[in-house]
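Written below as structure tokens is the structure these notes are about.
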Amino acid sequence: MKNLTGLCGIPAGDITGLLDLTAGFKSKLVTPDPVFPALLQNRRIALVFFENSTRTRFSFEIAARHLGANTLTFTSSGSSVSKGETLSDTIRNLEAMKVDAFILRHASSGAAEFITGITNKSVINAGDGAHEHPTQALLDMFTLREHFGSLADLKVVILGDVLHSRVARSNIFGLQTLGAQVALCSPATLIPPDAACLGVKLFTDLDQAIAWADAAIVLRLQLERTTGGYLPSLEEYSAHFGLNDERLDKIRKHLLVLHPGPINREIEISNNVADRIQPPGYSKSMLLEQVTNGVAVRMAVLQTLLA
């Protein structure tokens, strides 16, 4: 594996290998003073972010430094992109500075795959448009596997703005590859047109979806979409698709809850559900555990591609 631009078509053995490697890193990360071998010493990794990010960018930086690599952070704001420089020229110039890998976030679907054609360095997709976000899906899958022991036959519902979500697509591909059952639940206007081809179960009723599921991955409602004719209002979306205690109490079933962040509190998820890590209540939030797991997953990816 030289590049990781998505999980579509990645063999189950490769995904399982990354998750197994993640488990080893996670066991050390949670100790007071984790120390790792500098497997990537003298490697230079360029974080090329054309969109804002907190969790993904910082976790890649921490992961790289744990393994001994140096990181260079590029943001389009204040760069030559503002003067009209193309993505191709940006990558070629950074490559001329002798970087060893690119971690790319870009607003255009397919951007990561595109730059694999113009560089012989490793490329990791940190989110491209509404296409894929493979490391987020890997950390979600690791979080689920660590909690349940296995992903085989696990029922996972992906809830929210699936149409515009790169996280959803990577999770669909990865979870199904490892044997999980995947469902989507959202307003009909936010279901992708190719959903029927993805092998997923479809729900437009949240109560039915969470009654079916063992775990829910709640997606951020992209608030800018509410003015695009996709939703009548935030209030109606929250009333019909917001995950809260009232709905969980009604079905009286424990549900593991994940969210890639950032979250819109009291819109797609209530404060109680987002923050609950201990009972009482019918859910358990894995949001902060996901952040910790994100560092371990990205260490596994960097070691696999670069060590």
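Labeling convention for the structure tokens: chains A, B, ... as they appear, residues from 1 per chain, ligands from 1 in order of appearance.
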Taking 2 positions as the minimum chain separation for residues in the same chain, which residues sit within 10 Å of Leu104 (chain A) when counting only C-alpha atoms? Answer as a PDB file with all heavy atoms, in the first residue's frame.
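Output file result_10.pdb is given in full below:
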ATOM      1  N   THR A   5      -6.200   6.791  -0.605  1.00  0.00           N
ATOM      2  CA  THR A   5      -7.106   7.835  -1.079  1.00  0.00           C
ATOM      3  C   THR A   5      -8.563   7.516  -0.787  1.00  0.00           C
ATOM      4  O   THR A   5      -9.426   8.371  -0.937  1.00  0.00           O
ATOM      5  CB  THR A   5      -6.927   8.067  -2.591  1.00  0.00           C
ATOM      6  OG1 THR A   5      -7.168   6.832  -3.291  1.00  0.00           O
ATOM      7  CG2 THR A   5      -5.509   8.543  -2.904  1.00  0.00           C
ATOM      8  N   ALA A  46       4.125  16.611   4.396  1.00  0.00           N
ATOM      9  CA  ALA A  46       3.432  17.876   4.148  1.00  0.00           C
ATOM     10  C   ALA A  46       1.938  17.700   4.380  1.00  0.00           C
ATOM     11  O   ALA A  46       1.299  16.848   3.748  1.00  0.00           O
ATOM     12  CB  ALA A  46       3.682  18.351   2.718  1.00  0.00           C
ATOM     13  N   LEU A  47       1.395  18.478   5.309  1.00  0.00           N
ATOM     14  CA  LEU A  47      -0.049  18.494   5.532  1.00  0.00           C
ATOM     15  C   LEU A  47      -0.618  19.635   4.698  1.00  0.00           C
ATOM     16  O   LEU A  47      -0.443  20.810   5.035  1.00  0.00           O
ATOM     17  CB  LEU A  47      -0.366  18.688   7.016  1.00  0.00           C
ATOM     18  CG  LEU A  47      -0.072  17.487   7.917  1.00  0.00           C
ATOM     19  CD1 LEU A  47       1.362  17.528   8.419  1.00  0.00           C
ATOM     20  CD2 LEU A  47      -1.015  17.453   9.098  1.00  0.00           C
ATOM     21  N   VAL A  48      -1.259  19.281   3.609  1.00  0.00           N
ATOM     22  CA  VAL A  48      -1.733  20.267   2.632  1.00  0.00           C
ATOM     23  C   VAL A  48      -3.244  20.399   2.803  1.00  0.00           C
ATOM     24  O   VAL A  48      -4.019  19.594   2.288  1.00  0.00           O
ATOM     25  CB  VAL A  48      -1.364  19.839   1.198  1.00  0.00           C
ATOM     26  CG1 VAL A  48      -1.726  20.934   0.209  1.00  0.00           C
ATOM     27  CG2 VAL A  48       0.132  19.516   1.108  1.00  0.00           C
ATOM     28  N   PHE A  49      -3.660  21.422   3.534  1.00  0.00           N
ATOM     29  CA  PHE A  49      -5.064  21.564   3.896  1.00  0.00           C
ATOM     30  C   PHE A  49      -5.665  22.797   3.231  1.00  0.00           C
ATOM     31  O   PHE A  49      -5.319  23.926   3.567  1.00  0.00           O
ATOM     32  CB  PHE A  49      -5.211  21.647   5.418  1.00  0.00           C
ATOM     33  CG  PHE A  49      -5.220  20.289   6.082  1.00  0.00           C
ATOM     34  CD1 PHE A  49      -4.112  19.444   5.992  1.00  0.00           C
ATOM     35  CD2 PHE A  49      -6.338  19.840   6.768  1.00  0.00           C
ATOM     36  CE1 PHE A  49      -4.120  18.200   6.578  1.00  0.00           C
ATOM     37  CE2 PHE A  49      -6.357  18.589   7.358  1.00  0.00           C
ATOM     38  CZ  PHE A  49      -5.246  17.761   7.264  1.00  0.00           C
ATOM     39  N   PHE A  50      -6.551  22.542   2.270  1.00  0.00           N
ATOM     40  CA  PHE A  50      -7.267  23.613   1.583  1.00  0.00           C
ATOM     41  C   PHE A  50      -8.597  23.920   2.268  1.00  0.00           C
ATOM     42  O   PHE A  50      -9.315  24.792   1.828  1.00  0.00           O
ATOM     43  CB  PHE A  50      -7.521  23.228   0.120  1.00  0.00           C
ATOM     44  CG  PHE A  50      -6.293  23.284  -0.738  1.00  0.00           C
ATOM     45  CD1 PHE A  50      -5.402  22.222  -0.775  1.00  0.00           C
ATOM     46  CD2 PHE A  50      -6.019  24.400  -1.514  1.00  0.00           C
ATOM     47  CE1 PHE A  50      -4.265  22.264  -1.572  1.00  0.00           C
ATOM     48  CE2 PHE A  50      -4.893  24.461  -2.311  1.00  0.00           C
ATOM     49  CZ  PHE A  50      -4.009  23.391  -2.336  1.00  0.00           C
ATOM     50  N   GLU A  51      -8.925  23.142   3.305  1.00  0.00           N
ATOM     51  CA  GLU A  51     -10.122  23.391   4.108  1.00  0.00           C
ATOM     52  C   GLU A  51      -9.738  23.380   5.583  1.00  0.00           C
ATOM     53  O   GLU A  51      -8.726  22.785   5.969  1.00  0.00           O
ATOM     54  CB  GLU A  51     -11.187  22.306   3.858  1.00  0.00           C
ATOM     55  CG  GLU A  51     -11.814  22.348   2.489  1.00  0.00           C
ATOM     56  CD  GLU A  51     -12.918  21.313   2.360  1.00  0.00           C
ATOM     57  OE1 GLU A  51     -12.746  20.173   2.830  1.00  0.00           O
ATOM     58  OE2 GLU A  51     -13.964  21.644   1.782  1.00  0.00           O
ATOM     59  N   ARG A  57      -6.203  17.396  11.296  1.00  0.00           N
ATOM     60  CA  ARG A  57      -4.859  17.962  11.098  1.00  0.00           C
ATOM     61  C   ARG A  57      -3.977  17.734  12.319  1.00  0.00           C
ATOM     62  O   ARG A  57      -2.838  17.278  12.203  1.00  0.00           O
ATOM     63  CB  ARG A  57      -4.956  19.453  10.771  1.00  0.00           C
ATOM     64  CG  ARG A  57      -3.594  20.096  10.505  1.00  0.00           C
ATOM     65  CD  ARG A  57      -3.732  21.462   9.861  1.00  0.00           C
ATOM     66  NE  ARG A  57      -4.360  22.435  10.727  1.00  0.00           N
ATOM     67  CZ  ARG A  57      -3.690  23.164  11.634  1.00  0.00           C
ATOM     68  NH1 ARG A  57      -2.384  22.993  11.789  1.00  0.00           N
ATOM     69  NH2 ARG A  57      -4.321  24.054  12.372  1.00  0.00           N
ATOM     70  N   PHE A  74       0.679  23.285   5.431  1.00  0.00           N
ATOM     71  CA  PHE A  74       0.305  24.224   4.374  1.00  0.00           C
ATOM     72  C   PHE A  74      -1.186  24.523   4.498  1.00  0.00           C
ATOM     73  O   PHE A  74      -1.998  23.606   4.610  1.00  0.00           O
ATOM     74  CB  PHE A  74       0.578  23.602   3.004  1.00  0.00           C
ATOM     75  CG  PHE A  74      -0.018  24.348   1.842  1.00  0.00           C
ATOM     76  CD1 PHE A  74       0.746  25.257   1.122  1.00  0.00           C
ATOM     77  CD2 PHE A  74      -1.343  24.147   1.458  1.00  0.00           C
ATOM     78  CE1 PHE A  74       0.195  25.938   0.050  1.00  0.00           C
ATOM     79  CE2 PHE A  74      -1.895  24.838   0.399  1.00  0.00           C
ATOM     80  CZ  PHE A  74      -1.125  25.740  -0.304  1.00  0.00           C
ATOM     81  N   ILE A  91       1.640  21.130  -5.378  1.00  0.00           N
ATOM     82  CA  ILE A  91       2.199  19.815  -5.052  1.00  0.00           C
ATOM     83  C   ILE A  91       3.599  19.669  -5.634  1.00  0.00           C
ATOM     84  O   ILE A  91       4.522  19.184  -4.961  1.00  0.00           O
ATOM     85  CB  ILE A  91       1.275  18.700  -5.573  1.00  0.00           C
ATOM     86  CG1 ILE A  91      -0.078  18.740  -4.865  1.00  0.00           C
ATOM     87  CG2 ILE A  91       1.942  17.324  -5.404  1.00  0.00           C
ATOM     88  CD1 ILE A  91      -0.024  18.598  -3.362  1.00  0.00           C
ATOM     89  N   ALA A 101       5.833  12.692   1.752  1.00  0.00           N
ATOM     90  CA  ALA A 101       4.425  12.287   1.672  1.00  0.00           C
ATOM     91  C   ALA A 101       3.545  13.517   1.746  1.00  0.00           C
ATOM     92  O   ALA A 101       3.937  14.559   2.291  1.00  0.00           O
ATOM     93  CB  ALA A 101       4.077  11.324   2.795  1.00  0.00           C
ATOM     94  N   PHE A 102       2.343  13.371   1.192  1.00  0.00           N
ATOM     95  CA  PHE A 102       1.343  14.439   1.230  1.00  0.00           C
ATOM     96  C   PHE A 102       0.089  13.935   1.934  1.00  0.00           C
ATOM     97  O   PHE A 102      -0.424  12.864   1.610  1.00  0.00           O
ATOM     98  CB  PHE A 102       0.962  14.882  -0.187  1.00  0.00           C
ATOM     99  CG  PHE A 102       2.081  15.507  -0.962  1.00  0.00           C
ATOM    100  CD1 PHE A 102       2.800  14.764  -1.891  1.00  0.00           C
ATOM    101  CD2 PHE A 102       2.423  16.838  -0.764  1.00  0.00           C
ATOM    102  CE1 PHE A 102       3.837  15.336  -2.609  1.00  0.00           C
ATOM    103  CE2 PHE A 102       3.457  17.419  -1.483  1.00  0.00           C
ATOM    104  CZ  PHE A 102       4.171  16.668  -2.400  1.00  0.00           C
ATOM    105  N   HIS A 106      -9.124  18.662   0.646  1.00  0.00           N
ATOM    106  CA  HIS A 106      -9.486  19.559  -0.452  1.00  0.00           C
ATOM    107  C   HIS A 106     -10.995  19.522  -0.660  1.00  0.00           C
ATOM    108  O   HIS A 106     -11.648  18.507  -0.397  1.00  0.00           O
ATOM    109  CB  HIS A 106      -8.778  19.115  -1.738  1.00  0.00           C
ATOM    110  CG  HIS A 106      -8.663  20.181  -2.787  1.00  0.00           C
ATOM    111  ND1 HIS A 106      -9.705  20.481  -3.644  1.00  0.00           N
ATOM    112  CD2 HIS A 106      -7.648  21.018  -3.103  1.00  0.00           C
ATOM    113  CE1 HIS A 106      -9.323  21.454  -4.452  1.00  0.00           C
ATOM    114  NE2 HIS A 106      -8.080  21.808  -4.147  1.00  0.00           N
ATOM    115  N   ALA A 111      -9.674  14.952  -5.539  1.00  0.00           N
ATOM    116  CA  ALA A 111      -8.414  15.696  -5.516  1.00  0.00           C
ATOM    117  C   ALA A 111      -7.240  14.821  -5.098  1.00  0.00           C
ATOM    118  O   ALA A 111      -6.149  14.901  -5.662  1.00  0.00           O
ATOM    119  CB  ALA A 111      -8.536  16.914  -4.609  1.00  0.00           C
ATOM    120  N   ALA A 112      -7.450  13.968  -4.078  1.00  0.00           N
ATOM    121  CA  ALA A 112      -6.357  13.124  -3.598  1.00  0.00           C
ATOM    122  C   ALA A 112      -5.921  12.130  -4.668  1.00  0.00           C
ATOM    123  O   ALA A 112      -4.724  11.918  -4.892  1.00  0.00           O
ATOM    124  CB  ALA A 112      -6.777  12.393  -2.324  1.00  0.00           C
ATOM    125  N   ILE A 115      -3.779  13.867  -7.395  1.00  0.00           N
ATOM    126  CA  ILE A 115      -2.364  14.170  -7.188  1.00  0.00           C
ATOM    127  C   ILE A 115      -1.497  12.919  -7.140  1.00  0.00           C
ATOM    128  O   ILE A 115      -0.276  13.015  -7.277  1.00  0.00           O
ATOM    129  CB  ILE A 115      -2.130  15.059  -5.947  1.00  0.00           C
ATOM    130  CG1 ILE A 115      -2.401  14.329  -4.646  1.00  0.00           C
ATOM    131  CG2 ILE A 115      -2.912  16.337  -6.043  1.00  0.00           C
ATOM    132  CD1 ILE A 115      -1.927  15.112  -3.429  1.00  0.00           C
ATOM    133  N   VAL A 123       0.446   9.509  -0.879  1.00  0.00           N
ATOM    134  CA  VAL A 123      -0.657  10.460  -0.732  1.00  0.00           C
ATOM    135  C   VAL A 123      -1.704   9.857   0.203  1.00  0.00           C
ATOM    136  O   VAL A 123      -2.128   8.710   0.011  1.00  0.00           O
ATOM    137  CB  VAL A 123      -1.310  10.791  -2.091  1.00  0.00           C
ATOM    138  CG1 VAL A 123      -2.501  11.734  -1.898  1.00  0.00           C
ATOM    139  CG2 VAL A 123      -0.293  11.406  -3.047  1.00  0.00           C
ATOM    140  N   ILE A 124      -2.092  10.628   1.201  1.00  0.00           N
ATOM    141  CA  ILE A 124      -3.145  10.210   2.134  1.00  0.00           C
ATOM    142  C   ILE A 124      -4.273  11.223   2.036  1.00  0.00           C
ATOM    143  O   ILE A 124      -4.048  12.429   2.142  1.00  0.00           O
ATOM    144  CB  ILE A 124      -2.623  10.145   3.579  1.00  0.00           C
ATOM    145  CG1 ILE A 124      -1.493   9.121   3.686  1.00  0.00           C
ATOM    146  CG2 ILE A 124      -3.754   9.783   4.545  1.00  0.00           C
ATOM    147  CD1 ILE A 124      -0.769   9.153   5.019  1.00  0.00           C
ATOM    148  N   ASN A 125      -5.460  10.719   1.817  1.00  0.00           N
ATOM    149  CA  ASN A 125      -6.639  11.575   1.687  1.00  0.00           C
ATOM    150  C   ASN A 125      -7.186  11.911   3.073  1.00  0.00           C
ATOM    151  O   ASN A 125      -7.642  11.046   3.805  1.00  0.00           O
ATOM    152  CB  ASN A 125      -7.703  10.849   0.859  1.00  0.00           C
ATOM    153  CG  ASN A 125      -8.944  11.691   0.631  1.00  0.00           C
ATOM    154  OD1 ASN A 125      -9.000  12.858   1.015  1.00  0.00           O
ATOM    155  ND2 ASN A 125      -9.949  11.107   0.002  1.00  0.00           N
ATOM    156  N   ALA A 126      -7.143  13.194   3.418  1.00  0.00           N
ATOM    157  CA  ALA A 126      -7.696  13.656   4.700  1.00  0.00           C
ATOM    158  C   ALA A 126      -9.079  14.267   4.510  1.00  0.00           C
ATOM    159  O   ALA A 126      -9.533  15.046   5.348  1.00  0.00           O
ATOM    160  CB  ALA A 126      -6.750  14.673   5.339  1.00  0.00           C
ATOM    161  N   GLY A 127      -9.738  13.889   3.418  1.00  0.00           N
ATOM    162  CA  GLY A 127     -11.084  14.377   3.119  1.00  0.00           C
ATOM    163  C   GLY A 127     -11.100  15.163   1.826  1.00  0.00           C
ATOM    164  O   GLY A 127     -10.439  16.200   1.727  1.00  0.00           O
ATOM    165  N   ASP A 128     -11.833  14.653   0.832  1.00  0.00           N
ATOM    166  CA  ASP A 128     -11.915  15.369  -0.454  1.00  0.00           C
ATOM    167  C   ASP A 128     -13.379  15.506  -0.863  1.00  0.00           C
ATOM    168  O   ASP A 128     -14.046  14.544  -1.217  1.00  0.00           O
ATOM    169  CB  ASP A 128     -11.098  14.672  -1.545  1.00  0.00           C
ATOM    170  CG  ASP A 128     -11.548  13.257  -1.850  1.00  0.00           C
ATOM    171  OD1 ASP A 128     -12.130  12.615  -0.937  1.00  0.00           O
ATOM    172  OD2 ASP A 128     -11.340  12.789  -2.982  1.00  0.00           O
TER     173      ASP A 128
END
Find the residues around Asn42 (chain A) up to 9 Å (only C-alpha atoms counted), leave out those fewer than 2 positions away in its own chain, and share them as a PyMOL selection string. chain A and resi 40+44+68-70
Neighbours of Ala213 (chain A) within 7 Å (only C-alpha atoms; same-chain residues fewer than 6 positions away dropped), as a ChimeraX atom specification? /A:155-157
Please identify every residue of region 105-180 of chain A that has at least one atom no farther than 6 Å from an atom of region 188-210 of chain A, counting only C-alpha atoms, and for each give the shortest atom pair and the distance in Å to one decimal, arranged by chain then increasing number, as a tab-separated table.
residue	atom	partner	partner_atom	distance
A:Asp161	CA	A:Leu190	CA	5.5
A:Val162	CA	A:Ile191	CA	5.8
A:Leu163	CA	A:Pro192	CA	4.6
Selected residues written out, C-alpha atoms, as a PDB file, in the first residue's frame:
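File written: part33.pdb
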ATOM      1  CA  ASP A 161     -26.577  14.571   5.987  1.00  0.00           C
ATOM      2  CA  VAL A 162     -25.392  11.545   4.028  1.00  0.00           C
ATOM      3  CA  LEU A 163     -25.636  13.300   0.657  1.00  0.00           C
TER       4      LEU A 163
END
Using only C-alpha atoms, which protein or nucleic acid residues come within 12 Å of Leu139 (chain A)? Drop anything in the same chain fewer than 4 positions from it, and give the result as a ChimeraX atom specification. /A:15-16,18-23,26,55-56,59,133-135,143-146,167,170-171,174-175,217,258-260,286-301
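Counting only C-alpha atoms, the residue from A:Asn52, A:Ser165, A:Gln181, A:Asn120 that sits nearest to Gln222 (chain A) is A:Ser165.
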Per-residue DSSP, region 188-289 of chain A, filtered to helix (DSSP H, G or I), as a count of residues only: 41
Give one line per residue of region 154-232 of chain A that approaches region 265-276 of chain A to at most 8 Å, naming the two atoms of the closest pair and their distance in Å to one decimal, counting only C-alpha atoms; sort by chain then ascending residue number and deliver it as a tab-separated table.
residue	atom	partner	partner_atom	distance
A:Gly160	CA	A:Glu268	CA	7.2
A:Val218	CA	A:Glu268	CA	7.3
A:Leu219	CA	A:Glu268	CA	7.5
A:Arg220	CA	A:Glu268	CA	6.8
A:Leu221	CA	A:Glu268	CA	6.5
Can you tell me, as number ranges by chain, which residues in region 6-241 of chain A count as strand (DSSP E) by DSSP? A: 44-49, 70-75, 101-106, 122-128, 155-159, 181-185, 201-203, 215-218
When you count only C-alpha atoms, which of these residues is closest to Gly110 (chain A): A:Phe142, A:Phe58, A:Leu151, A:Gly6?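 Smallest distance to Gly110 (chain A) is found for A:Gly6.
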Near Leu302 (chain A), counting only C-alpha atoms, which residues have an atom at most 8 Å away, once you skip same-chain residues fewer than 5 positions from it, shown as a PyMOL selection string? chain A and resi 63-64+307
Taken to one decimal, the CA of Asp153 (chain A)-CA of Gly179 (chain A) distance is 5.8 Å
Counting only C-alpha atoms, closest pick from A:Gln176, A:Thr75, A:Ser27, A:Asn3 relative to Ala137 (chain A) is A:Gln176
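For the pair CA of Thr90 (chain A) and CA of Ser76 (chain A), the interatomic distance is 9.8 Å.
Counting only C-alpha atoms, Arg169 (chain A) has the following residues at most 7 Å away, ignoring those fewer than 4 positions along the same chain: His131, Glu132, Ser165 and Phe173 of chain A.
Closest approach to Asp245 (chain A) among A:Pro280, A:Asp33, A:Ile103, A:Ile62 is made by A:Pro280 (distances from only C-alpha atoms).
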Separation of CA of Lys284 (chain A) and CA of Leu223 (chain A), in Å?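 Computed distance, CA of Lys284 (chain A) to CA of Leu223 (chain A), equals 25.4 Å.
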Using only C-alpha atoms, can you tell me which of A:Gly9, A:Pro187, A:Pro262, A:Gly129 comes closest to Phe241 (chain A)?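 Among the listed residues, A:Pro187 lies closest to Phe241 (chain A).
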